[in-house]
file final.cif (mmCIF, C-alpha atoms)
data_run
#
loop_
_atom_site.label_atom_id
_atom_site.label_comp_id
_atom_site.auth_asym_id
_atom_site.auth_seq_id
_atom_site.Cartn_x
_atom_site.Cartn_y
_atom_site.Cartn_z
CA MET A 1 -2.15 -0.05 78.24
CA ALA A 2 -0.54 2.88 76.43
CA LYS A 3 2.69 0.91 75.92
CA ALA A 4 0.77 -2.11 74.58
CA HIS A 5 -1.09 0.15 72.16
CA GLU A 6 2.19 1.72 71.02
CA LYS A 7 3.69 -1.74 70.39
CA ARG A 8 0.67 -2.80 68.31
CA SER A 9 0.87 0.46 66.31
CA ALA A 10 4.59 -0.06 65.70
CA ARG A 11 4.00 -3.64 64.48
CA PHE A 12 1.15 -2.46 62.24
CA LEU A 13 3.33 0.31 60.76
CA ALA A 14 6.17 -2.15 60.14
CA LEU A 15 3.74 -4.49 58.36
CA ILE A 16 2.48 -1.64 56.14
CA LEU A 17 6.06 -0.64 55.28
CA ALA A 18 6.93 -4.25 54.45
CA LEU A 19 3.91 -4.56 52.15
CA ILE A 20 4.88 -1.32 50.40
CA MET A 21 8.41 -2.62 49.86
CA VAL A 22 7.15 -5.94 48.43
CA ALA A 23 4.68 -4.15 46.15
CA SER A 24 7.43 -1.83 44.92
CA ALA A 25 9.68 -4.80 44.18
CA LEU A 26 6.91 -6.54 42.23
CA VAL A 27 6.26 -3.40 40.18
CA LEU A 28 9.95 -3.18 39.27
CA LEU A 29 10.03 -6.89 38.46
CA PHE A 30 7.07 -6.95 36.09
CA ARG A 31 7.22 -3.44 34.65
CA SER A 32 8.21 -3.36 30.97
CA PRO A 33 11.56 -1.68 30.44
CA SER A 34 11.31 1.92 29.22
CA THR A 35 13.74 1.19 26.38
CA LYS A 36 14.36 -2.02 24.47
CA GLU A 37 17.72 -3.66 24.93
CA GLU A 38 19.88 -3.05 21.88
CA ARG A 39 22.22 -5.47 20.16
CA GLU A 40 25.74 -4.84 18.86
CA ILE A 41 25.81 -3.87 15.17
CA LYS A 42 29.00 -4.61 13.26
CA PHE A 43 27.64 -3.68 9.82
CA ASP A 44 24.74 -1.43 8.78
CA MET A 45 23.26 -2.16 5.32
CA GLY A 46 21.00 0.92 5.34
CA ASN A 47 17.22 1.23 5.51
CA CYS A 48 15.66 1.01 2.04
CA TRP A 49 15.19 -1.70 -0.58
CA LYS A 50 17.93 -0.28 -2.83
CA ASP A 51 20.42 -0.36 0.07
CA TRP A 52 19.66 -3.94 1.01
CA ILE A 53 19.60 -5.39 -2.49
CA ARG A 54 23.27 -4.53 -2.92
CA TYR A 55 24.12 -7.29 -0.46
CA LEU A 56 22.04 -10.12 -1.93
CA PRO A 57 23.90 -12.95 -3.69
CA ASN A 58 24.35 -12.49 -7.45
CA THR A 59 22.49 -15.79 -7.95
CA THR A 60 19.26 -14.38 -6.44
CA GLN A 61 16.21 -14.85 -8.68
CA TYR A 62 13.30 -13.81 -6.42
CA VAL A 63 13.06 -10.69 -4.24
CA PHE A 64 10.11 -9.46 -2.19
CA PHE A 65 10.39 -6.29 -0.06
CA VAL A 66 7.79 -4.64 2.18
CA ASN A 67 7.80 -1.53 4.35
CA PHE A 68 5.35 -2.01 7.21
CA GLU A 69 5.61 1.68 8.15
CA GLU A 70 3.51 2.75 5.16
CA LYS A 71 0.99 5.36 6.35
CA ASN A 72 -1.74 4.97 3.72
CA GLU A 73 -4.17 2.41 5.13
CA THR A 74 -5.26 0.99 1.77
CA LEU A 75 -1.70 0.43 0.59
CA LYS A 76 -0.73 -0.86 4.04
CA SER A 77 -3.54 -3.44 3.89
CA PHE A 78 -2.33 -4.52 0.45
CA ILE A 79 1.21 -4.91 1.83
CA TYR A 80 0.06 -7.09 4.73
CA ASN A 81 -2.06 -9.28 2.44
CA GLN A 82 0.85 -9.82 0.05
CA THR A 83 3.18 -10.56 2.97
CA LEU A 84 0.86 -13.19 4.42
CA LYS A 85 0.60 -14.85 1.00
CA SER A 86 4.37 -14.89 0.71
CA LEU A 87 5.11 -16.14 4.22
CA TYR A 88 2.39 -18.69 4.73
CA SER A 89 2.27 -20.24 1.28
CA ASN A 90 4.74 -22.77 2.71
CA ARG A 91 4.85 -24.45 6.09
CA LEU A 92 8.54 -23.64 6.59
CA SER A 93 7.79 -19.98 7.26
CA PHE A 94 5.31 -20.92 9.97
CA TYR A 95 7.93 -22.89 11.91
CA LEU A 96 10.66 -20.33 11.26
CA PHE A 97 8.76 -17.40 12.73
CA ARG A 98 7.54 -19.55 15.59
CA ASP A 99 11.19 -19.86 16.67
CA PHE A 100 12.12 -16.19 16.02
CA ARG A 101 11.39 -13.17 18.21
CA PRO A 102 10.20 -10.46 18.05
CA SER A 103 7.12 -11.41 16.05
CA ILE A 104 6.19 -10.02 12.65
CA GLN A 105 4.06 -7.34 14.35
CA SER A 106 7.34 -5.66 15.39
CA PHE A 107 8.93 -5.71 11.93
CA LYS A 108 9.56 -2.35 10.29
CA ARG A 109 10.79 -3.64 6.93
CA MET A 110 11.46 -7.06 5.50
CA MET A 111 13.10 -8.44 2.37
CA VAL A 112 12.56 -12.04 1.28
CA PHE A 113 14.96 -13.49 -1.29
CA ASP A 114 14.84 -16.83 -3.04
CA TYR A 115 11.65 -17.59 -1.07
CA TYR A 116 13.09 -18.84 2.22
CA ASN A 117 15.70 -16.24 3.26
CA TYR A 118 15.06 -12.98 5.11
CA LEU A 119 16.49 -9.58 5.96
CA ILE A 120 14.45 -8.13 8.83
CA ASP A 121 14.49 -4.59 10.24
CA VAL A 122 13.61 -4.46 13.95
CA ASN A 123 15.71 -1.33 14.54
CA ARG A 124 18.55 -2.34 16.79
CA SER A 125 16.47 -4.30 19.28
CA LYS A 126 17.74 -7.64 20.50
CA VAL A 127 16.34 -10.66 18.68
CA TYR A 128 15.97 -14.27 19.76
CA PHE A 129 16.15 -17.49 17.77
CA ALA A 130 15.90 -21.11 18.91
CA TYR A 131 19.35 -22.31 17.89
CA GLN A 132 21.45 -25.36 18.78
CA LYS A 133 24.97 -24.22 17.92
CA LYS A 134 27.13 -21.24 17.06
CA THR A 135 29.68 -20.98 14.26
CA SER A 136 31.90 -18.12 13.11
CA TYR A 137 32.28 -16.81 9.58
CA ARG A 138 34.46 -13.82 8.68
CA ASN A 139 34.13 -12.16 12.09
CA PHE A 140 30.36 -12.75 12.32
CA THR A 141 28.53 -15.27 14.52
CA LEU A 142 25.96 -17.62 12.99
CA LYS A 143 23.41 -19.02 15.43
CA VAL A 144 22.25 -22.20 13.70
CA GLY A 145 19.04 -24.04 14.53
CA ASP A 146 16.77 -26.69 13.05
CA VAL A 147 13.53 -25.49 11.42
CA ALA A 148 11.26 -28.25 10.13
CA GLY A 149 14.27 -30.42 9.34
CA ARG A 150 16.32 -27.65 7.70
CA ASN A 151 19.22 -25.64 9.12
CA TYR A 152 18.69 -21.91 9.52
CA ALA A 153 21.18 -19.30 10.65
CA LEU A 154 20.60 -16.04 12.48
CA ILE A 155 23.16 -13.24 12.21
CA ASP A 156 22.10 -10.48 14.59
CA GLU A 157 25.29 -8.40 14.33
CA THR A 158 24.02 -6.71 11.16
CA HIS A 159 21.25 -4.23 10.44
CA PRO A 160 18.94 -5.59 9.17
CA VAL A 161 19.03 -9.01 10.85
CA ILE A 162 19.92 -11.92 8.55
CA LEU A 163 17.72 -15.01 8.96
CA ALA A 164 18.57 -17.46 6.19
CA ARG A 165 19.84 -20.86 5.20
CA PRO A 166 23.52 -20.93 6.30
CA ILE A 167 24.90 -20.93 2.75
CA TYR A 168 22.88 -17.80 1.88
CA ALA A 169 23.78 -16.10 5.15
CA GLU A 170 27.47 -16.65 4.38
CA LYS A 171 27.02 -15.29 0.84
CA ILE A 172 25.57 -12.07 2.27
CA ILE A 173 28.56 -11.75 4.59
CA ASP A 174 30.82 -12.25 1.56
CA ASP A 175 28.99 -9.39 -0.16
CA LEU A 176 29.70 -7.13 2.83
CA TYR A 177 33.36 -7.62 1.94
CA GLY A 178 32.86 -6.76 -1.72
CA SER A 179 32.03 -10.03 -3.46
CA LYS A 180 29.96 -10.04 -6.66
CA ASN A 181 26.36 -9.28 -5.65
CA PHE A 182 22.88 -8.94 -7.14
CA THR A 183 23.27 -5.37 -8.42
CA SER A 184 26.58 -6.18 -10.10
CA GLU A 185 24.70 -8.90 -12.02
CA TYR A 186 21.53 -6.84 -12.61
CA ASN A 187 22.32 -3.12 -12.45
CA TYR A 188 18.90 -2.01 -13.75
CA THR A 189 17.76 -0.96 -10.28
CA SER A 190 20.06 2.08 -10.53
CA ARG A 191 17.54 3.53 -13.01
CA ILE A 192 14.58 3.00 -10.67
CA ASN A 193 14.51 5.98 -8.34
CA GLY A 194 12.91 6.58 -4.96
CA SER A 195 11.66 4.50 -2.09
CA PHE A 196 8.84 1.93 -2.22
CA SER A 197 6.52 0.30 0.27
CA TYR A 198 6.22 -2.86 -1.84
CA VAL A 199 8.74 -4.33 -4.28
CA PHE A 200 8.67 -7.56 -6.27
CA ILE A 201 11.58 -8.69 -8.48
CA LEU A 202 12.20 -11.69 -10.73
CA ALA A 203 15.61 -12.28 -12.29
CA GLY A 204 17.63 -14.82 -14.23
CA ASP A 205 16.14 -18.17 -15.17
CA LEU A 206 13.03 -17.59 -13.02
CA ALA A 207 12.25 -14.41 -14.97
CA LYS A 208 12.86 -16.23 -18.26
CA ARG A 209 10.42 -18.99 -17.30
CA THR A 210 7.81 -16.49 -16.13
CA LEU A 211 8.01 -13.82 -18.85
CA THR A 212 7.36 -15.55 -22.16
CA ASP A 213 5.75 -14.93 -25.52
CA ASN A 214 4.29 -18.13 -27.02
CA GLY A 215 6.60 -20.11 -24.76
CA THR A 216 9.74 -18.15 -25.69
CA PRO A 217 11.51 -16.18 -22.90
CA ILE A 218 11.44 -12.44 -23.54
CA ALA A 219 13.09 -10.99 -20.41
CA ASP A 220 15.60 -11.83 -17.70
CA PHE A 221 14.66 -9.10 -15.20
CA TYR A 222 11.31 -7.85 -13.91
CA PHE A 223 10.66 -5.15 -11.28
CA GLU A 224 7.32 -4.09 -9.83
CA GLY A 225 7.02 -1.52 -7.03
CA TYR A 226 4.22 0.42 -5.30
CA ARG A 227 4.27 3.69 -3.36
CA MET A 228 2.27 6.85 -2.71
CA ASN A 229 2.77 10.01 -4.77
CA GLY A 230 0.76 12.48 -2.72
CA SER A 231 -2.80 11.13 -2.88
CA ILE A 232 -2.10 9.00 -5.97
CA TYR A 233 -1.12 5.35 -5.89
CA GLU A 234 1.94 4.84 -8.04
CA LYS A 235 3.22 1.67 -9.69
CA VAL A 236 6.64 1.38 -11.31
CA VAL A 237 7.46 -1.48 -13.67
CA GLY A 238 10.91 -2.18 -15.11
CA ILE A 239 11.72 -4.97 -17.57
CA HIS A 240 14.97 -5.95 -19.28
CA PHE A 241 13.97 -7.54 -22.55
CA LEU A 242 15.98 -10.22 -24.34
CA LYS A 243 14.34 -9.50 -27.69
CA TYR A 244 13.24 -6.25 -29.30
CA TYR A 245 10.25 -5.40 -27.12
CA PHE A 246 9.51 -1.93 -25.74
CA PHE A 247 6.92 0.11 -23.83
CA VAL A 248 4.43 2.38 -25.58
CA LYS A 249 1.55 4.70 -24.62
CA THR A 250 -1.93 4.48 -26.12
CA ASN A 251 -5.23 6.29 -25.60
CA LYS A 252 -6.46 3.32 -23.55
CA THR A 253 -3.52 3.67 -21.17
CA ALA A 254 -3.95 7.42 -20.89
CA ASN A 255 -7.70 7.22 -20.23
CA GLU A 256 -7.41 4.62 -17.45
CA THR A 257 -4.60 6.28 -15.47
CA ALA A 258 -3.93 9.53 -13.65
CA TYR A 259 -0.60 9.61 -15.50
CA TYR A 260 1.61 7.24 -17.46
CA TYR A 261 5.28 7.83 -18.23
CA TYR A 262 7.77 5.44 -19.75
CA LYS A 263 11.32 5.27 -21.06
CA ASN A 264 13.02 2.71 -23.29
CA TYR A 265 16.82 2.47 -22.97
CA ASP A 266 19.29 1.39 -25.62
CA ASP A 267 20.27 -1.73 -23.65
CA MET A 268 16.65 -3.01 -23.94
CA PHE A 269 15.66 -2.02 -20.41
CA SER A 270 12.29 -0.27 -20.20
CA VAL A 271 10.71 1.43 -17.19
CA ALA A 272 7.18 2.80 -16.75
CA LYS A 273 5.58 4.91 -14.02
CA ILE A 274 1.80 4.56 -13.69
CA GLY A 275 -0.48 6.62 -11.40
CA SER A 276 -4.04 5.89 -10.31
CA TYR A 277 -6.50 6.98 -7.63
CA ASN A 278 -7.66 3.37 -7.27
CA LEU A 279 -5.13 0.83 -5.95
CA THR A 280 -7.22 -2.18 -6.98
CA ASN A 281 -7.30 -0.97 -10.58
CA LEU A 282 -3.60 -0.14 -10.47
CA THR A 283 -2.56 -3.64 -9.42
CA GLY A 284 -4.16 -4.97 -12.61
CA MET A 285 -2.53 -2.42 -14.91
CA MET A 286 0.64 -3.14 -16.88
CA PRO A 287 2.68 -1.07 -19.31
CA GLU A 288 1.68 -1.57 -22.92
CA ILE A 289 4.33 -3.61 -24.71
CA ARG A 290 5.05 -3.76 -28.43
CA THR A 291 7.57 -5.64 -30.54
CA ILE A 292 8.82 -5.49 -34.10
CA VAL A 293 8.62 -8.63 -36.22
CA ILE A 294 10.55 -8.73 -39.49
CA ARG A 295 9.66 -11.44 -42.01
CA PHE A 296 11.94 -12.58 -44.82
CA GLY A 297 9.86 -14.81 -47.05
CA ASN A 298 8.66 -17.64 -44.82
CA GLU A 299 11.19 -16.87 -42.07
CA THR A 300 10.60 -14.60 -39.12
CA SER A 301 13.22 -12.74 -37.05
#
call {"tool": "encode", "arguments": {"input": "final.cif", "output": "structure tokens"}}
result
Amino acid sequence: MAKAHEKRSARFLALILALIMVASALVLLFRSPSTKEEREIKFDMGNCWKDWIRYLPNTTQYVFFVNFEEKNETLKSFIYNQTLKSLYSNRLSFYLFRDFRPSIQSFKRMMVFDYYNYLIDVNRSKVYFAYQKKTSYRNFTLKVGDVAGRNYALIDETHPVILARPIYAEKIIDDLYGSKNFTSEYNYTSRINGSFSYVFILAGDLAKRTLTDNGTPIADFYFEGYRMNGSIYEKVVGIHFLKYYFFVKTNKTANETAYYYYKNYDDMFSVAKIGSYNLTNLTGMMPEIRTIVIRFGNETS
């Protein structure tokens, strides 16, 4: 009887040990890795909007940049609302980010240029894109897939990741090698200092169509950026005028803001820095603009 009992105990112990081993294997199988798998980076563009914009094509007319790591909750909410408007105003973005991982919740920073092209900061984590073929361009690999009937290319060997139409992706790679880029065409950003959590830029023909006076274009470059200055919400506006317009300060501007500074440059670029304790009010504020009109008889110049 004792031997039979010992055999049953041995079998029971072996079963317990087997269950422990299986459970341990399952834990290892389904446990999230402690660190995310990193990808190979051949070129690092930097981390802020002014770094990234140096590599955009010189033909770029629309730029939208957001920093999702903003700490102020009110400004962060504004950033997310503006991002959703930008991304989901067209159906293409919906399909594009359906086929791209990680999701937008993992993005740290993002720059959109010419509406449908993206630079995305996900640190150095691996990214995934539903692609059908690979092509090579100047030592970089383009993973090309179909998104709602249009070709898109992922280049994950750069920081940030490039997710763009193939022709734009290739132009960015050209800029890595020193081709003419956005800041060589519009160097006004060199006079806009500091980092921003939200940036919006219009340039070229798009700026001319948008910034008009009685239907006449008055500028070919427009910058608008938001950030925190301590507890004050700060808005910076920069405009390169085509005609003799300039920023001024009035009592109305002074009374409605925590502070208002501006500078007009000789090359007709003007920049203003506006502070407010209310972000909603700040978004509706603009620098005060004046112009000089000279009349010779019935003619105006």
call {"tool": "resolve_selection", "arguments": {"input": "final.cif", "expression": "the PyMOL selection byres ((chain A and resi 232-246) around 8)", "output": "ChimeraX atom specification"}}
result
/A:188,192,217-231,247-248,258,264,268-279,282-283,286-287,289-292
call {"tool": "resolve_selection", "arguments": {"input": "final.cif", "expression": "the PyMOL selection byres ((chain A and resi 199) around 9)", "output": "PyMOL selection string"}}
result
chain A and resi 49+63-66+111+196-198+200-201+223-226
call {"tool": "closest_residue", "arguments": {"input": "final.cif", "among": "A:Phe129, A:Tyr115, A:Tyr265, A:Tyr168", "to": "Tyr55 in chain A", "atoms": "only C-alpha atoms"}}
result
A:Tyr168
call {"tool": "atom_distance", "arguments": {"input": "final.cif", "atom1": "CA of Thr250 in chain A", "atom2": "CA of Lys263 in chain A"}}
result
14.2 Å
call {"tool": "closest_residue", "arguments": {"input": "final.cif", "among": "A:Ile120, A:Ala130, A:Met110, A:Ala203", "to": "Thr158 in chain A", "atoms": "all atoms listed in the file"}}
result
A:Ile120
call {"tool": "atom_distance", "arguments": {"input": "final.cif", "atom1": "CA of Phe97 in chain A", "atom2": "CA of Trp52 in chain A"}}
result
20.9 Å
call {"tool": "closest_residue", "arguments": {"input": "final.cif", "among": "A:Leu92, A:Leu142, A:Leu56, A:Ile79", "to": "Val112 in chain A", "atoms": "only C-alpha atoms"}}
result
A:Leu56
call {"tool": "resolve_selection", "arguments": {"input": "final.cif", "expression": "the PyMOL selection byres ((chain A and resi 50) around 10)", "output": "JSON, numbers by chain"}}
result
{"A": [45, 46, 47, 48, 49, 51, 52, 53, 54, 55, 183, 189, 190, 192, 193, 194, 195, 196]}
call {"tool": "closest_residue", "arguments": {"input": "final.cif", "among": "A:Thr60, A:Asn72, A:Thr141, A:Thr83", "to": "Asp156 in chain A", "atoms": "only C-alpha atoms"}}
result
A:Thr141
call {"tool": "residues_around", "arguments": {"input": "final.cif", "residues": "range 102-104 of chain A", "least_positions_apart": "2", "cutoff": "8 Å", "atoms": "only C-alpha atoms", "output": "list in words"}}
result
Phe97, Phe100, Ser106, Phe107, Val127 and Tyr128 of chain A
call {"tool": "residues_around", "arguments": {"input": "final.cif", "residues": "Ser93 in chain A", "least_positions_apart": "3", "cutoff": "12 Å", "atoms": "all atoms listed in the file", "output": "number ranges by chain"}}
result
A: 83-90, 96-100, 104, 112, 115-118, 147-148, 150, 152, 163-164
call {"tool": "atom_distance", "arguments": {"input": "final.cif", "atom1": "CA of Lys108 in chain A", "atom2": "CA of Gly204 in chain A"}}
result
28.7 Å
call {"tool": "axis_aligned_box", "arguments": {"input": "final.cif", "around": "range 263-266 of chain A", "padding_each_side": "6 Å", "output": "lines of an AutoDock Vina configuration file"}}
result
center_x = 15.3
center_y = 3.3
center_z = -23.3
size_x = 20.0
size_y = 15.9
size_z = 16.6
call {"tool": "closest_residue", "arguments": {"input": "final.cif", "among": "A:Leu176, A:Ala169, A:Leu202, A:Ala207", "to": "Leu119 in chain A", "atoms": "all atoms listed in the file"}}
result
A:Ala169
call {"tool": "closest_residue", "arguments": {"input": "final.cif", "among": "A:Thr74, A:Asn181, A:Gln105, A:Asn139", "to": "Thr59 in chain A", "atoms": "all atoms listed in the file"}}
result
A:Asn181
call {"tool": "build_atoms", "arguments": {"input": "final.cif", "residues": "range 109-130 of chain A", "atoms": "N, CA, C and O atoms", "output": "mmCIF file, in the coordinates of the input"}}
result
data_model
loop_
_atom_site.group_PDB
_atom_site.id
_atom_site.type_symbol
_atom_site.label_atom_id
_atom_site.label_comp_id
_atom_site.auth_asym_id
_atom_site.auth_seq_id
_atom_site.Cartn_x
_atom_site.Cartn_y
_atom_site.Cartn_z
ATOM 1 N N ARG A 109 10.620 -3.311 8.354
ATOM 2 C CA ARG A 109 10.790 -3.640 6.930
ATOM 3 C C ARG A 109 11.263 -5.071 6.844
ATOM 4 O O ARG A 109 11.878 -5.587 7.767
ATOM 5 N N MET A 110 11.006 -5.686 5.702
ATOM 6 C CA MET A 110 11.460 -7.060 5.500
ATOM 7 C C MET A 110 11.731 -7.297 4.025
ATOM 8 O O MET A 110 10.981 -6.822 3.164
ATOM 9 N N MET A 111 12.809 -8.003 3.738
ATOM 10 C CA MET A 111 13.100 -8.440 2.370
ATOM 11 C C MET A 111 13.228 -9.950 2.367
ATOM 12 O O MET A 111 13.962 -10.530 3.180
ATOM 13 N N VAL A 112 12.495 -10.592 1.476
ATOM 14 C CA VAL A 112 12.560 -12.040 1.280
ATOM 15 C C VAL A 112 13.303 -12.277 -0.023
ATOM 16 O O VAL A 112 13.002 -11.626 -1.031
ATOM 17 N N PHE A 113 14.277 -13.186 -0.031
ATOM 18 C CA PHE A 113 14.960 -13.490 -1.290
ATOM 19 C C PHE A 113 15.085 -14.996 -1.455
ATOM 20 O O PHE A 113 15.318 -15.729 -0.497
ATOM 21 N N ASP A 114 14.882 -15.412 -2.702
ATOM 22 C CA ASP A 114 14.840 -16.830 -3.040
ATOM 23 C C ASP A 114 13.942 -17.600 -2.080
ATOM 24 O O ASP A 114 14.291 -18.686 -1.602
ATOM 25 N N TYR A 115 12.799 -16.995 -1.764
ATOM 26 C CA TYR A 115 11.650 -17.590 -1.070
ATOM 27 C C TYR A 115 11.838 -17.847 0.426
ATOM 28 O O TYR A 115 10.954 -17.577 1.215
ATOM 29 N N TYR A 116 12.978 -18.349 0.854
ATOM 30 C CA TYR A 116 13.090 -18.840 2.220
ATOM 31 C C TYR A 116 14.145 -18.105 3.056
ATOM 32 O O TYR A 116 14.516 -18.566 4.130
ATOM 33 N N ASN A 117 14.643 -16.966 2.574
ATOM 34 C CA ASN A 117 15.700 -16.240 3.260
ATOM 35 C C ASN A 117 15.251 -14.801 3.506
ATOM 36 O O ASN A 117 14.579 -14.201 2.654
ATOM 37 N N TYR A 118 15.657 -14.236 4.655
ATOM 38 C CA TYR A 118 15.060 -12.980 5.110
ATOM 39 C C TYR A 118 16.094 -11.989 5.612
ATOM 40 O O TYR A 118 17.065 -12.359 6.276
ATOM 41 N N LEU A 119 15.851 -10.709 5.291
ATOM 42 C CA LEU A 119 16.490 -9.580 5.960
ATOM 43 C C LEU A 119 15.373 -8.858 6.693
ATOM 44 O O LEU A 119 14.359 -8.489 6.084
ATOM 45 N N ILE A 120 15.549 -8.634 8.006
ATOM 46 C CA ILE A 120 14.450 -8.130 8.830
ATOM 47 C C ILE A 120 14.918 -6.915 9.632
ATOM 48 O O ILE A 120 15.923 -6.979 10.353
ATOM 49 N N ASP A 121 14.190 -5.821 9.501
ATOM 50 C CA ASP A 121 14.490 -4.590 10.240
ATOM 51 C C ASP A 121 13.632 -4.537 11.507
ATOM 52 O O ASP A 121 12.411 -4.415 11.438
ATOM 53 N N VAL A 122 14.276 -4.646 12.652
ATOM 54 C CA VAL A 122 13.610 -4.460 13.950
ATOM 55 C C VAL A 122 14.345 -3.373 14.724
ATOM 56 O O VAL A 122 14.504 -3.444 15.933
ATOM 57 N N ASN A 123 14.806 -2.338 13.991
ATOM 58 C CA ASN A 123 15.710 -1.330 14.540
ATOM 59 C C ASN A 123 16.960 -2.040 15.049
ATOM 60 O O ASN A 123 17.482 -2.920 14.399
ATOM 61 N N ARG A 124 17.386 -1.688 16.217
ATOM 62 C CA ARG A 124 18.550 -2.340 16.790
ATOM 63 C C ARG A 124 18.201 -3.161 18.034
ATOM 64 O O ARG A 124 19.045 -3.471 18.861
ATOM 65 N N SER A 125 16.924 -3.512 18.134
ATOM 66 C CA SER A 125 16.470 -4.300 19.280
ATOM 67 C C SER A 125 17.088 -5.688 19.241
ATOM 68 O O SER A 125 17.386 -6.229 18.178
ATOM 69 N N LYS A 126 17.244 -6.277 20.425
ATOM 70 C CA LYS A 126 17.740 -7.640 20.500
ATOM 71 C C LYS A 126 16.717 -8.601 19.911
ATOM 72 O O LYS A 126 15.508 -8.388 20.012
ATOM 73 N N VAL A 127 17.210 -9.651 19.259
ATOM 74 C CA VAL A 127 16.340 -10.660 18.680
ATOM 75 C C VAL A 127 16.720 -12.023 19.261
ATOM 76 O O VAL A 127 17.830 -12.216 19.763
ATOM 77 N N TYR A 128 15.772 -12.947 19.180
ATOM 78 C CA TYR A 128 15.970 -14.270 19.760
ATOM 79 C C TYR A 128 15.574 -15.341 18.757
ATOM 80 O O TYR A 128 14.588 -15.205 18.046
ATOM 81 N N PHE A 129 16.377 -16.404 18.719
ATOM 82 C CA PHE A 129 16.150 -17.490 17.770
ATOM 83 C C PHE A 129 16.506 -18.805 18.460
ATOM 84 O O PHE A 129 17.526 -18.903 19.159
ATOM 85 N N ALA A 130 15.656 -19.814 18.270
ATOM 86 C CA ALA A 130 15.900 -21.110 18.910
ATOM 87 C C ALA A 130 16.997 -21.844 18.133
ATOM 88 O O ALA A 130 16.732 -22.506 17.133
#
